[in-house]
Amino acid sequence: MIEDVNSEKNDYIKIRISTNRKENWKKICSKKNISLTNLIINSVENRILDDERRKVLAFIEKQDNIFIKIETNINQLAKMVNSQKFISKTEFDEFRSELKIISKLKEKQNEIFMKIYSLIANDY
């Protein structure tokens, strides 16, 4: 059972480990910028670590920014075509081909994001 975030934490578990192992765990926590408690709890409960969650969210944001740039480029091309009132058949076919590729990539991205969100949601 996952503990409520607002619940009071007033119980302790003492475990015996070697000093070397404890120091290694502390180094891991330091690198990941997480607490030793979070490392242990998330590992035992098979949950995504906080640093991994941050990386996933940063990746999602980066992907979103890439598609925003693509959408901006599409809008710029549309403005250019509208102002010139012309686009060659070759340019149009190439543009359509690129749009199909982008559309397929966006669909794949959305599928991946849904899987990621469901994995993250299961951690709460």
# chains A, B, ... in the order shown; residues from 1 in each chain; ligands from 1
$ select_by_dssp --residues "stretch 29-106 of chain A" --states "helix (DSSP H, G or I)" --output "PyMOL selection string"
chain A and resi 29-32+36-44+50-84+89-106
$ residues_around --residues "A:Ile112" --least-positions-apart "4" --cutoff "12 Å" --atoms "only C-alpha atoms" --output "MDAnalysis selection string"
chainID A and resid 56 59:60 63 105:108 116:119
$ write_last_selection --atoms "C-alpha atoms" --output "short mmCIF file (atom, residue, chain, number, x, y, z; two decimals), in the first residue's frame"
data_model
loop_
_atom_site.label_atom_id
_atom_site.label_comp_id
_atom_site.auth_asym_id
_atom_site.auth_seq_id
_atom_site.Cartn_x
_atom_site.Cartn_y
_atom_site.Cartn_z
CA VAL A 56 11.09 11.57 -18.14
CA PHE A 59 12.19 14.42 -22.16
CA ILE A 60 8.46 14.91 -22.70
CA GLN A 63 9.72 16.41 -27.44
CA LEU A 105 5.98 10.23 -35.48
CA LYS A 106 3.47 12.25 -33.47
CA GLU A 107 1.20 9.19 -33.16
CA LYS A 108 4.12 7.05 -31.95
CA ILE A 116 4.94 6.76 -19.59
CA TYR A 117 2.04 8.57 -17.95
CA SER A 118 0.44 5.28 -16.92
CA LEU A 119 3.73 4.11 -15.40
#
$ atom_distance --atom1 "atom CA of A:Ser97" --atom2 "atom CA of A:Leu77"
14.6 Å
$ atom_distance --atom1 "atom CA of A:Phe86" --atom2 "atom CA of A:Phe67"
25.8 Å
$ residues_around --residues "A:Lys32" --least-positions-apart "6" --cutoff "9 Å" --atoms "only C-alpha atoms" --output "ChimeraX atom specification"
/A:49-52
